>>> print(open('entry_11.cif').read())   # mmCIF, C-alpha atoms
data_coords
#
loop_
_atom_site.label_atom_id
_atom_site.label_comp_id
_atom_site.auth_asym_id
_atom_site.auth_seq_id
_atom_site.Cartn_x
_atom_site.Cartn_y
_atom_site.Cartn_z
CA TYR A 116 105.81 63.14 85.79
CA GLU A 117 106.12 62.37 82.08
CA ILE A 118 103.83 65.26 81.11
CA LEU A 119 105.99 67.76 83.05
CA GLY A 120 109.20 66.06 81.97
CA VAL A 121 110.55 65.43 85.49
CA GLY A 122 111.63 62.35 87.40
CA ARG A 123 109.75 60.84 90.33
CA GLU A 124 112.42 62.16 92.70
CA ALA A 125 112.07 65.78 91.42
CA THR A 126 112.07 68.50 94.08
CA ASP A 127 109.21 70.96 94.52
CA SER A 128 111.37 73.65 92.91
CA GLU A 129 112.14 71.47 89.88
CA ILE A 130 108.46 70.63 89.44
CA LYS A 131 107.46 74.30 89.66
CA LYS A 132 110.14 75.33 87.15
CA ALA A 133 109.07 72.60 84.71
CA TYR A 134 105.42 73.63 85.05
CA TYR A 135 106.08 77.30 84.27
CA LYS A 136 108.21 76.38 81.26
CA MET A 137 105.58 74.02 79.83
CA ALA A 138 102.67 76.33 80.68
CA ARG A 139 104.28 79.24 78.82
CA GLN A 140 104.85 77.05 75.78
CA TRP A 141 101.33 75.59 75.58
CA HIS A 142 99.18 78.40 77.03
CA PRO A 143 96.01 78.88 74.88
CA ASP A 144 96.72 82.61 74.60
CA LYS A 145 99.92 81.78 72.73
CA ASN A 146 98.28 79.03 70.67
CA PRO A 147 94.92 80.45 69.49
CA ASN A 148 92.55 78.13 67.62
CA ASN A 149 94.70 75.12 68.54
CA PRO A 150 92.64 72.42 70.32
CA GLU A 151 95.74 70.26 70.79
CA ALA A 152 97.51 73.06 72.70
CA GLU A 153 94.41 73.57 74.85
CA GLN A 154 94.32 69.89 75.80
CA LYS A 155 98.07 69.88 76.42
CA PHE A 156 97.79 72.93 78.69
CA LYS A 157 94.95 71.29 80.61
CA ALA A 158 97.03 68.14 81.14
CA ILE A 159 100.01 70.24 82.29
CA SER A 160 97.84 72.14 84.79
CA GLU A 161 96.29 68.95 86.14
CA SER A 162 99.72 67.34 86.50
CA TYR A 163 101.05 70.33 88.42
CA GLU A 164 97.97 70.39 90.63
CA VAL A 165 98.78 66.82 91.69
CA LEU A 166 102.56 67.03 92.02
CA SER A 167 102.63 70.44 93.74
CA ASP A 168 100.48 69.19 96.61
CA PRO A 169 102.28 66.79 99.01
CA GLN A 170 99.08 64.94 99.87
CA LYS A 171 98.03 64.41 96.25
CA ARG A 172 101.56 63.52 95.20
CA HIS A 173 101.78 60.85 97.90
CA ILE A 174 98.44 59.37 96.82
CA TYR A 175 99.54 59.45 93.17
CA ASN A 176 102.86 57.74 93.96
CA GLU A 177 101.05 55.02 95.90
CA ARG A 178 97.88 54.52 93.82
CA GLY A 179 98.31 56.38 90.54
CA LYS A 180 95.84 58.69 88.79
CA ASP A 181 92.85 56.54 89.75
CA GLY A 182 93.84 56.87 93.40
CA VAL A 183 93.87 60.67 93.15
CA GLN A 184 90.46 60.69 91.48
CA GLN A 185 89.05 58.36 94.15
CA ALA A 186 90.48 60.58 96.89
CA GLN A 187 88.88 63.65 95.30
CA ALA A 188 85.54 61.86 95.10
CA ALA A 189 85.88 60.94 98.78
CA GLY A 190 86.75 64.49 99.75
CA GLN A 191 90.30 63.63 100.85
CA VAL A 192 92.05 66.36 98.84
CA ASP A 193 92.96 69.63 100.54
CA ILE A 194 90.87 72.57 99.28
CA GLY A 195 94.02 74.66 99.69
CA THR A 196 95.29 73.33 96.37
CA VAL A 197 92.41 75.01 94.59
CA PHE A 198 93.09 78.34 96.32
CA ARG A 199 96.81 78.17 95.52
CA LEU A 200 96.17 77.52 91.84
CA MET A 201 93.72 80.41 91.71
CA PHE A 202 96.24 82.86 93.14
CA GLY A 203 99.39 82.33 91.14
CA GLY A 204 100.15 78.66 91.80
CA GLY A 205 103.11 79.60 94.00
CA ALA A 206 104.72 82.07 91.58
CA PHE A 207 104.05 85.01 93.93
CA ASP A 208 105.22 83.30 97.14
CA GLU A 209 108.14 85.72 97.52
CA PHE A 210 105.78 88.70 97.27
CA PHE A 211 102.65 87.74 99.21
CA GLY A 212 103.39 84.21 100.38
CA ASP A 213 100.98 81.27 100.51
CA VAL A 214 97.38 82.43 100.08
CA CYS A 215 96.27 79.54 102.29
CA GLU A 216 98.16 81.11 105.20
CA LEU A 217 95.77 84.08 105.21
CA PRO A 218 93.85 84.06 108.53
CA MET A 219 90.42 84.30 106.88
CA LEU A 220 91.14 81.36 104.56
CA LYS A 221 92.48 79.34 107.48
CA GLN A 222 89.20 80.00 109.29
CA MET A 223 87.24 79.07 106.16
CA THR A 224 89.01 75.73 105.74
CA ALA A 225 88.63 74.98 109.47
CA THR A 226 84.88 75.64 109.21
CA MET A 227 84.66 73.38 106.14
CA GLU A 228 86.44 70.62 108.08
CA ARG A 229 83.73 70.95 110.76
CA GLY A 230 81.10 70.48 108.08
CA GLY A 231 80.19 74.17 108.01
CA ALA A 232 79.38 74.36 111.72
CA PRO A 233 80.73 77.42 113.60
CA GLU A 234 82.96 77.09 116.66
CA GLU A 235 80.57 76.69 119.61
CA ASP A 236 83.05 77.64 122.35
CA ARG A 237 83.35 81.45 122.11
CA ALA A 238 86.46 81.56 124.28
CA ALA A 239 88.11 78.95 122.06
CA ALA A 240 87.06 80.92 118.97
CA ARG A 241 88.63 84.12 120.32
CA ALA A 242 91.80 82.26 121.27
CA ALA A 243 91.96 80.77 117.78
CA GLN A 244 91.59 84.21 116.18
CA GLU A 245 94.35 85.65 118.37
CA GLN A 246 96.62 82.76 117.44
CA LEU A 247 95.93 83.37 113.74
CA ARG A 248 96.77 87.06 114.20
CA LYS A 249 100.09 86.20 115.81
CA GLU A 250 100.94 83.68 113.10
CA GLU A 251 100.12 86.25 110.40
CA ASP A 252 102.37 88.80 112.08
CA VAL A 253 105.29 86.36 112.09
CA TYR A 254 104.57 85.39 108.47
CA CYS A 255 104.53 89.03 107.33
CA LYS A 256 107.83 89.72 109.12
CA GLN A 257 109.43 86.88 107.16
CA LEU A 258 108.10 88.30 103.89
CA ALA A 259 109.34 91.78 104.88
CA VAL A 260 112.87 90.44 105.27
CA LYS A 261 112.67 88.91 101.78
CA LEU A 262 111.31 92.11 100.25
CA MET A 263 114.02 94.28 101.81
CA ALA A 264 116.74 91.89 100.63
CA ARG A 265 115.26 91.89 97.14
CA LEU A 266 115.05 95.68 96.88
CA GLU A 267 118.54 96.29 98.25
CA ARG A 268 120.04 93.57 96.05
CA LEU A 269 118.44 95.00 92.92
CA ALA A 270 119.27 98.60 93.85
CA ALA A 271 122.93 97.66 94.30
CA ASP A 272 123.06 96.59 90.64
CA GLY A 273 122.24 100.10 89.43
CA PRO A 274 119.06 101.71 87.94
CA ARG A 275 119.30 100.09 84.50
CA ALA A 276 119.96 96.55 85.74
CA PHE A 277 117.28 97.04 88.43
CA ALA A 278 114.64 97.95 85.81
CA GLU A 279 115.63 95.13 83.45
CA GLN A 280 115.45 92.49 86.16
CA CYS A 281 112.11 93.80 87.42
CA ARG A 282 110.62 93.65 83.91
CA LYS A 283 111.96 90.14 83.43
CA ASP A 284 110.43 89.03 86.73
CA ALA A 285 107.14 90.74 85.83
CA MET A 286 106.86 88.94 82.48
CA GLU A 287 107.45 85.58 84.16
CA LEU A 288 104.83 86.33 86.81
CA CYS A 289 102.29 87.13 84.09
CA GLU A 290 102.47 83.49 82.98
CA ALA A 291 101.20 82.21 86.34
CA PRO A 292 97.48 81.53 86.96
CA GLY A 293 95.87 84.95 87.43
CA GLY A 294 99.33 86.44 87.02
CA VAL A 295 98.39 89.59 85.09
CA GLU A 296 95.77 90.63 87.66
CA LEU A 297 97.93 89.73 90.65
CA LEU A 298 100.95 91.53 89.21
CA GLY A 299 98.89 94.70 88.87
CA THR A 300 97.61 94.32 92.43
CA VAL A 301 101.09 93.91 93.93
CA GLY A 302 102.46 96.72 91.77
CA TYR A 303 99.70 99.10 92.84
CA VAL A 304 100.34 98.48 96.54
CA TYR A 305 104.11 98.81 96.16
CA GLU A 306 103.79 102.12 94.34
CA GLN A 307 101.31 103.56 96.85
CA GLU A 308 103.31 102.41 99.86
CA GLY A 309 106.51 103.76 98.34
CA LYS A 310 104.87 107.14 97.76
CA GLN A 311 103.60 107.29 101.33
CA TYR A 312 107.02 106.67 102.85
CA ALA A 313 108.80 108.85 100.31
CA GLY A 314 106.11 111.43 101.11
CA ARG A 315 108.00 112.23 104.30
CA PHE A 316 110.41 113.95 101.97
CA MET A 317 107.98 114.82 99.16
CA GLY A 318 105.25 116.67 101.08
CA LEU A 319 101.74 116.53 99.60
CA GLU A 320 102.40 113.60 97.26
CA GLY A 321 102.71 111.22 100.20
CA PHE A 322 99.50 112.58 101.73
CA PHE A 323 97.57 112.17 98.48
CA ALA A 324 98.91 108.63 98.12
CA GLN A 325 97.40 107.79 101.51
CA MET A 326 94.02 109.25 100.49
CA GLN A 327 94.06 107.41 97.18
CA GLU A 328 94.85 104.11 98.91
CA LYS A 329 91.97 104.53 101.40
CA ALA A 330 89.54 105.32 98.58
CA HIS A 331 90.76 102.24 96.68
CA VAL A 332 90.22 99.96 99.70
CA VAL A 333 86.67 101.28 100.25
CA SER A 334 85.79 100.90 96.56
CA THR A 335 87.20 97.36 96.33
CA GLY A 336 85.48 96.32 99.55
CA ALA A 337 82.15 97.59 98.26
CA SER A 338 82.61 95.59 95.05
CA VAL A 339 83.19 92.40 97.05
CA VAL A 340 80.09 93.02 99.19
CA MET A 341 77.89 93.60 96.13
CA GLU A 342 79.14 90.41 94.45
CA ALA A 343 78.55 88.44 97.66
CA LEU A 344 74.98 89.75 97.90
CA ARG A 345 74.37 88.85 94.26
CA THR A 346 75.58 85.31 94.91
CA ALA A 347 73.43 85.01 98.04
CA ASN A 348 70.34 86.11 96.08
CA MET A 349 71.05 83.48 93.43
CA ALA A 350 71.44 80.82 96.12
CA GLN A 351 68.04 81.75 97.57
CA THR A 352 66.48 81.51 94.12
CA ILE A 353 67.98 78.06 93.54
CA ASP A 354 66.82 76.84 96.96
CA ALA A 355 63.25 78.04 96.39
CA LYS A 356 60.65 75.37 97.11
CA PRO A 357 59.54 73.30 94.10
CA GLY A 358 56.51 74.82 92.45
CA THR A 359 57.11 78.36 93.75
CA VAL A 360 59.25 79.21 90.72
CA ALA A 361 58.56 78.03 87.16
CA ARG A 362 61.90 76.68 85.98
CA ASP A 363 62.85 73.74 83.73
CA GLU A 364 65.93 71.56 84.19
CA GLN A 365 68.02 73.51 81.69
CA GLN A 366 67.22 76.83 83.36
CA GLN A 367 68.11 75.30 86.74
CA LYS A 368 71.51 74.16 85.45
CA GLU A 369 72.21 77.56 83.90
CA LEU A 370 71.32 79.31 87.16
CA GLU A 371 73.55 76.97 89.17
CA ALA A 372 76.45 77.56 86.75
CA LYS A 373 75.91 81.30 87.02
CA MET A 374 75.90 81.12 90.80
CA MET A 375 79.11 79.06 90.79
CA LYS A 376 80.83 81.65 88.61
CA SER A 377 79.61 84.45 90.87
CA GLY A 378 80.78 82.55 93.95
CA LEU A 379 84.26 82.08 92.46
CA ASN A 380 84.32 85.76 91.62
CA VAL A 381 83.65 86.55 95.28
CA VAL A 382 86.56 84.31 96.33
CA TRP A 383 88.81 85.93 93.70
CA LYS A 384 87.95 89.50 94.71
CA MET A 385 88.08 88.77 98.43
CA GLY A 386 91.37 86.96 98.05
CA LYS A 387 92.92 89.89 96.20
CA LEU A 388 91.66 92.31 98.85
CA LEU A 389 93.17 90.20 101.65
CA LEU A 390 96.44 89.87 99.77
CA GLU A 391 96.57 93.64 99.25
CA GLU A 392 96.22 94.05 103.01
CA ARG A 393 99.03 91.56 103.62
CA VAL A 394 101.38 93.23 101.10
CA ARG A 395 100.74 96.62 102.77
CA ARG A 396 101.52 95.08 106.14
CA VAL A 397 104.75 93.61 104.76
CA CYS A 398 105.81 97.03 103.41
CA ASP A 399 105.02 98.70 106.74
CA ILE A 400 107.05 96.13 108.68
CA MET A 401 109.98 96.54 106.30
CA MET A 402 109.96 100.32 106.65
CA SER A 403 109.53 100.26 110.43
CA ALA A 404 112.67 98.12 110.68
CA VAL A 405 114.78 100.99 109.28
CA ASP A 406 112.64 103.87 110.57
CA LYS A 407 115.53 105.62 112.32
CA ASP A 408 117.73 105.59 109.22
CA LYS A 409 116.36 108.40 107.02
CA SER A 410 118.57 107.68 104.02
CA ARG A 411 117.68 103.97 104.05
CA VAL A 412 113.95 104.68 104.34
CA GLU A 413 114.16 107.04 101.38
CA ALA A 414 116.18 104.56 99.29
CA LEU A 415 113.78 101.69 100.01
CA ALA A 416 110.74 103.89 99.34
CA HIS A 417 112.02 104.93 95.90
CA ALA A 418 113.03 101.36 95.04
CA LEU A 419 109.55 100.18 96.08
CA MET A 420 107.93 102.85 93.90
CA LYS A 421 110.07 101.84 90.93
CA LEU A 422 109.30 98.15 91.35
CA GLY A 423 105.59 98.92 91.71
CA ASP A 424 105.58 101.17 88.66
CA ILE A 425 107.22 98.47 86.51
CA PHE A 426 104.86 95.77 87.74
CA GLU A 427 101.82 97.97 87.05
CA SER A 428 103.11 99.00 83.62
CA VAL A 429 103.70 95.40 82.53
CA SER A 430 100.28 94.35 83.85
CA LYS A 431 98.54 97.16 81.96
CA ALA A 432 100.49 96.38 78.79
CA GLU A 433 99.46 92.70 78.97
CA HIS A 434 95.82 93.71 79.49
CA LYS A 435 96.00 96.06 76.52
CA ALA A 436 97.64 93.46 74.29
CA ALA A 437 95.06 90.84 75.26
CA LYS A 438 92.20 93.26 74.60
CA LYS A 439 93.63 94.19 71.21
CA ALA A 440 93.91 90.51 70.32
CA GLY A 441 90.30 90.01 71.37
CA LYS A 442 91.00 87.73 74.30
CA ALA A 443 91.20 88.11 78.05
CA PRO A 444 94.56 87.84 79.82
CA ALA A 445 95.36 84.66 81.73
CA ASN A 446 92.89 84.48 84.61
CA PRO A 447 92.34 81.28 86.61
CA LEU A 448 88.58 81.85 86.74
CA GLY A 449 87.97 83.15 83.22
CA LEU A 450 86.19 86.16 84.74
#
>>> encode(input="entry_11.cif", output="structure tokens")
Amino acid sequence: YEILGVGREATDSEIKKAYYKMARQWHPDKNPNNPEAEQKFKAISESYEVLSDPQKRHIYNERGKDGVQQAQAAGQVDIGTVFRLMFGGGAFDEFFGDVCELPMLKQMTATMERGGAPEEDRAAARAAQEQLRKEEDVYCKQLAVKLMARLERLAADGPRAFAEQCRKDAMELCEAPGGVELLGTVGYVYEQEGKQYAGRFMGLEGFFAQMQEKAHVVSTGASVVMEALRTANMAQTIDAKPGTVARDEQQQKELEAKMMKSGLNVVWKMGKLLLEERVRRVCDIMMSAVDKDKSRVEALAHALMKLGDIFESVSKAEHKAAKKAGKAPANPLGL
């Protein structure tokens, strides 16, 4: 609480706001060659990881830092906290929601809770999948309502105010864990979806937007598969029987570290792919809600394109600035 500068009774919103403010101030990218800033940023991130998770916060309030560490060692801490911190730490909740609500990640955590064992009852497994599908549909409808309200609210302020607010929001999102990458992902989907729906009035441009999106999905999916295969091959190498592979302790550690990095990269790429799919679904639901109102569809499509274009432009600019400065943009995995 002291590190984030909040009281013990602080709300989730107050904690999140304090974290973003402190993280922007002490981020290593803004304090190069400053070990003190690096340690400060690490402490801020660790504090937010504890206080942003109800389970960890309860343990901390009852037993302090040692209690949290003991709970982690005993496997009592929800793996969802790790996923949330990887994918924006909550900053993108209005755009793609809670990453832990994705059906595939729900299935993954359920499997982990069973110790890695698959669901033996096939009927129960199918029922569980259908329930996850229904829950995702409801979740996406809620996000669609938020997106429509956001676009119409911004559009009502006029083109100039709309652009200024979008850029301001984009810069704040860049400060979140993985923010630059995620901003570009959301922006890309918004722009493509906007073009497709505006394509009803723009002819071939909407058609080409659809083709470009399909090619992007295939390419990204292939990249995830290749990374997963690479990780699987490394795992087989590590699990090789003693004596079959000449490897000293240092080489073993290096290989394990490499496999861990590759595994995290798979989670990162897969997560982004799943979130892209969700954002597309949200856009489709939003547009289908006003499908009979041609003027409203056109207005929302153009607003979506504009928002996407700004998000993509800011993301590319941050990448370019980071590359020029000789450092990677903020990425939760350092990949």
>>> closest_atom_pairs(input="entry_11.cif", of="stretch 224-302 of chain A", to="stretch 137-157 of chain A", cutoff="10 Å", atoms="only C-alpha atoms", output="JSON lines")
{"residue": "A:Glu287", "atom": "CA", "partner": "A:Arg139", "partner_atom": "CA", "distance": 8.9}
{"residue": "A:Cys289", "atom": "CA", "partner": "A:Arg139", "partner_atom": "CA", "distance": 9.7}
{"residue": "A:Glu290", "atom": "CA", "partner": "A:Arg139", "partner_atom": "CA", "distance": 6.2}
{"residue": "A:Ala291", "atom": "CA", "partner": "A:Ala138", "partner_atom": "CA", "distance": 8.3}
{"residue": "A:Pro292", "atom": "CA", "partner": "A:Ala138", "partner_atom": "CA", "distance": 9.7}
>>> resolve_selection(input="entry_11.cif", expression="the PyMOL selection byres ((chain A and resi 263) around 12)", output="PDB file with C-alpha atoms, in the coordinates of the input")
ATOM      1  CA  GLU A 209     108.140  85.720  97.520  1.00  0.00           C
ATOM      2  CA  PHE A 210     105.780  88.700  97.270  1.00  0.00           C
ATOM      3  CA  LYS A 256     107.830  89.720 109.120  1.00  0.00           C
ATOM      4  CA  GLN A 257     109.430  86.880 107.160  1.00  0.00           C
ATOM      5  CA  LEU A 258     108.100  88.300 103.890  1.00  0.00           C
ATOM      6  CA  ALA A 259     109.340  91.780 104.880  1.00  0.00           C
ATOM      7  CA  VAL A 260     112.870  90.440 105.270  1.00  0.00           C
ATOM      8  CA  LYS A 261     112.670  88.910 101.780  1.00  0.00           C
ATOM      9  CA  LEU A 262     111.310  92.110 100.250  1.00  0.00           C
ATOM     10  CA  ALA A 264     116.740  91.890 100.630  1.00  0.00           C
ATOM     11  CA  ARG A 265     115.260  91.890  97.140  1.00  0.00           C
ATOM     12  CA  LEU A 266     115.050  95.680  96.880  1.00  0.00           C
ATOM     13  CA  GLU A 267     118.540  96.290  98.250  1.00  0.00           C
ATOM     14  CA  ARG A 268     120.040  93.570  96.050  1.00  0.00           C
ATOM     15  CA  LEU A 269     118.440  95.000  92.920  1.00  0.00           C
ATOM     16  CA  ALA A 270     119.270  98.600  93.850  1.00  0.00           C
ATOM     17  CA  VAL A 397     104.750  93.610 104.760  1.00  0.00           C
ATOM     18  CA  CYS A 398     105.810  97.030 103.410  1.00  0.00           C
ATOM     19  CA  ASP A 399     105.020  98.700 106.740  1.00  0.00           C
ATOM     20  CA  ILE A 400     107.050  96.130 108.680  1.00  0.00           C
ATOM     21  CA  MET A 401     109.980  96.540 106.300  1.00  0.00           C
ATOM     22  CA  MET A 402     109.960 100.320 106.650  1.00  0.00           C
ATOM     23  CA  SER A 403     109.530 100.260 110.430  1.00  0.00           C
ATOM     24  CA  ALA A 404     112.670  98.120 110.680  1.00  0.00           C
ATOM     25  CA  VAL A 405     114.780 100.990 109.280  1.00  0.00           C
ATOM     26  CA  ARG A 411     117.680 103.970 104.050  1.00  0.00           C
ATOM     27  CA  VAL A 412     113.950 104.680 104.340  1.00  0.00           C
ATOM     28  CA  ALA A 414     116.180 104.560  99.290  1.00  0.00           C
ATOM     29  CA  LEU A 415     113.780 101.690 100.010  1.00  0.00           C
ATOM     30  CA  ALA A 416     110.740 103.890  99.340  1.00  0.00           C
ATOM     31  CA  ALA A 418     113.030 101.360  95.040  1.00  0.00           C
ATOM     32  CA  LEU A 419     109.550 100.180  96.080  1.00  0.00           C
TER      33      LEU A 419
END
>>> closest_residue(input="entry_11.cif", among="A:Ala285, A:Ala440, A:Met385, A:Leu379", to="A:Gly302", atoms="all atoms listed in the file")
A:Ala285
>>> atom_distance(input="entry_11.cif", atom1="atom CA of A:Glu161", atom2="atom CA of A:Lys221")
24.0 Å
>>> atom_distance(input="entry_11.cif", atom1="atom CA of A:Gly203", atom2="atom CA of A:Ala276")
25.6 Å
>>> axis_aligned_box(input="entry_11.cif", around="stretch 382-400 of chain A", padding_each_side="8 Å", output="JSON")
{"center_x": 96.8, "center_y": 91.5, "center_z": 101.2, "size_x": 36.5, "size_y": 30.4, "size_z": 31.0}
>>> atom_distance(input="entry_11.cif", atom1="atom CA of A:Lys407", atom2="atom CA of A:Glu308")
17.7 Å
>>> decode(input="entry_11.cif", residues="stretch 193-202 of chain A", atoms="all heavy atoms", output="mmCIF file, in the first residue's frame")
data_model
loop_
_atom_site.group_PDB
_atom_site.id
_atom_site.type_symbol
_atom_site.label_atom_id
_atom_site.label_comp_id
_atom_site.auth_asym_id
_atom_site.auth_seq_id
_atom_site.Cartn_x
_atom_site.Cartn_y
_atom_site.Cartn_z
ATOM 1 N N ASP A 193 -3.939 -17.745 -7.731
ATOM 2 C CA ASP A 193 -4.604 -17.950 -9.016
ATOM 3 C C ASP A 193 -3.665 -17.614 -10.171
ATOM 4 O O ASP A 193 -3.102 -16.510 -10.235
ATOM 5 C CB ASP A 193 -5.845 -17.064 -9.073
ATOM 6 C CG ASP A 193 -6.671 -17.317 -10.319
ATOM 7 O OD1 ASP A 193 -6.325 -18.224 -11.089
ATOM 8 O OD2 ASP A 193 -7.669 -16.602 -10.499
ATOM 9 N N ILE A 194 -3.506 -18.551 -11.118
ATOM 10 C CA ILE A 194 -2.658 -18.331 -12.285
ATOM 11 C C ILE A 194 -3.202 -17.204 -13.155
ATOM 12 O O ILE A 194 -2.485 -16.610 -13.959
ATOM 13 C CB ILE A 194 -2.546 -19.635 -13.113
ATOM 14 C CG1 ILE A 194 -1.491 -19.512 -14.224
ATOM 15 C CG2 ILE A 194 -3.903 -19.990 -13.724
ATOM 16 C CD1 ILE A 194 -0.100 -19.337 -13.717
ATOM 17 N N GLY A 195 -4.486 -16.888 -12.961
ATOM 18 C CA GLY A 195 -5.101 -15.816 -13.737
ATOM 19 C C GLY A 195 -4.404 -14.486 -13.554
ATOM 20 O O GLY A 195 -4.381 -13.653 -14.468
ATOM 21 N N THR A 196 -3.824 -14.262 -12.392
ATOM 22 C CA THR A 196 -3.108 -13.010 -12.146
ATOM 23 C C THR A 196 -1.959 -12.845 -13.113
ATOM 24 O O THR A 196 -1.705 -11.750 -13.627
ATOM 25 C CB THR A 196 -2.564 -12.986 -10.697
ATOM 26 O OG1 THR A 196 -3.647 -13.147 -9.789
ATOM 27 C CG2 THR A 196 -1.860 -11.672 -10.402
ATOM 28 N N VAL A 197 -1.260 -13.935 -13.389
ATOM 29 C CA VAL A 197 -0.136 -13.884 -14.322
ATOM 30 C C VAL A 197 -0.633 -13.523 -15.718
ATOM 31 O O VAL A 197 -0.060 -12.659 -16.392
ATOM 32 C CB VAL A 197 0.600 -15.243 -14.361
ATOM 33 C CG1 VAL A 197 1.736 -15.202 -15.383
ATOM 34 C CG2 VAL A 197 1.128 -15.599 -12.984
ATOM 35 N N PHE A 198 -1.714 -14.173 -16.162
ATOM 36 C CA PHE A 198 -2.273 -13.886 -17.482
ATOM 37 C C PHE A 198 -2.712 -12.431 -17.591
ATOM 38 O O PHE A 198 -2.475 -11.767 -18.597
ATOM 39 C CB PHE A 198 -3.459 -14.813 -17.771
ATOM 40 C CG PHE A 198 -3.081 -16.242 -18.030
ATOM 41 C CD1 PHE A 198 -3.882 -17.279 -17.567
ATOM 42 C CD2 PHE A 198 -1.925 -16.553 -18.724
ATOM 43 C CE1 PHE A 198 -3.535 -18.603 -17.806
ATOM 44 C CE2 PHE A 198 -1.573 -17.872 -18.962
ATOM 45 C CZ PHE A 198 -2.369 -18.906 -18.498
ATOM 46 N N ARG A 199 -3.366 -11.924 -16.553
ATOM 47 C CA ARG A 199 -3.863 -10.546 -16.600
ATOM 48 C C ARG A 199 -2.715 -9.552 -16.711
ATOM 49 O O ARG A 199 -2.798 -8.563 -17.449
ATOM 50 C CB ARG A 199 -4.704 -10.248 -15.356
ATOM 51 C CG ARG A 199 -6.036 -10.994 -15.324
ATOM 52 C CD ARG A 199 -6.916 -10.524 -14.173
ATOM 53 N NE ARG A 199 -8.145 -11.311 -14.114
ATOM 54 C CZ ARG A 199 -8.320 -12.361 -13.329
ATOM 55 N NH1 ARG A 199 -7.330 -12.770 -12.532
ATOM 56 N NH2 ARG A 199 -9.450 -13.032 -13.338
ATOM 57 N N LEU A 200 -1.642 -9.793 -15.969
ATOM 58 C CA LEU A 200 -0.496 -8.888 -16.030
ATOM 59 C C LEU A 200 0.199 -8.950 -17.390
ATOM 60 O O LEU A 200 0.746 -7.960 -17.865
ATOM 61 C CB LEU A 200 0.502 -9.226 -14.912
ATOM 62 C CG LEU A 200 0.098 -8.774 -13.510
ATOM 63 C CD1 LEU A 200 1.101 -9.269 -12.484
ATOM 64 C CD2 LEU A 200 -0.003 -7.254 -13.440
ATOM 65 N N MET A 201 0.171 -10.119 -18.015
ATOM 66 C CA MET A 201 0.780 -10.251 -19.335
ATOM 67 C C MET A 201 0.028 -9.443 -20.384
ATOM 68 O O MET A 201 0.621 -8.853 -21.283
ATOM 69 C CB MET A 201 0.806 -11.724 -19.768
ATOM 70 C CG MET A 201 1.864 -12.563 -19.094
ATOM 71 S SD MET A 201 1.695 -14.313 -19.526
ATOM 72 C CE MET A 201 1.980 -14.275 -21.293
ATOM 73 N N PHE A 202 -1.307 -9.404 -20.248
ATOM 74 C CA PHE A 202 -2.140 -8.788 -21.277
ATOM 75 C C PHE A 202 -2.780 -7.482 -20.797
ATOM 76 O O PHE A 202 -3.993 -7.340 -20.760
ATOM 77 C CB PHE A 202 -3.208 -9.778 -21.746
ATOM 78 C CG PHE A 202 -2.629 -10.965 -22.468
ATOM 79 C CD1 PHE A 202 -2.345 -12.139 -21.785
ATOM 80 C CD2 PHE A 202 -2.335 -10.897 -23.825
ATOM 81 C CE1 PHE A 202 -1.783 -13.234 -22.444
ATOM 82 C CE2 PHE A 202 -1.780 -11.984 -24.488
ATOM 83 C CZ PHE A 202 -1.497 -13.150 -23.797
#
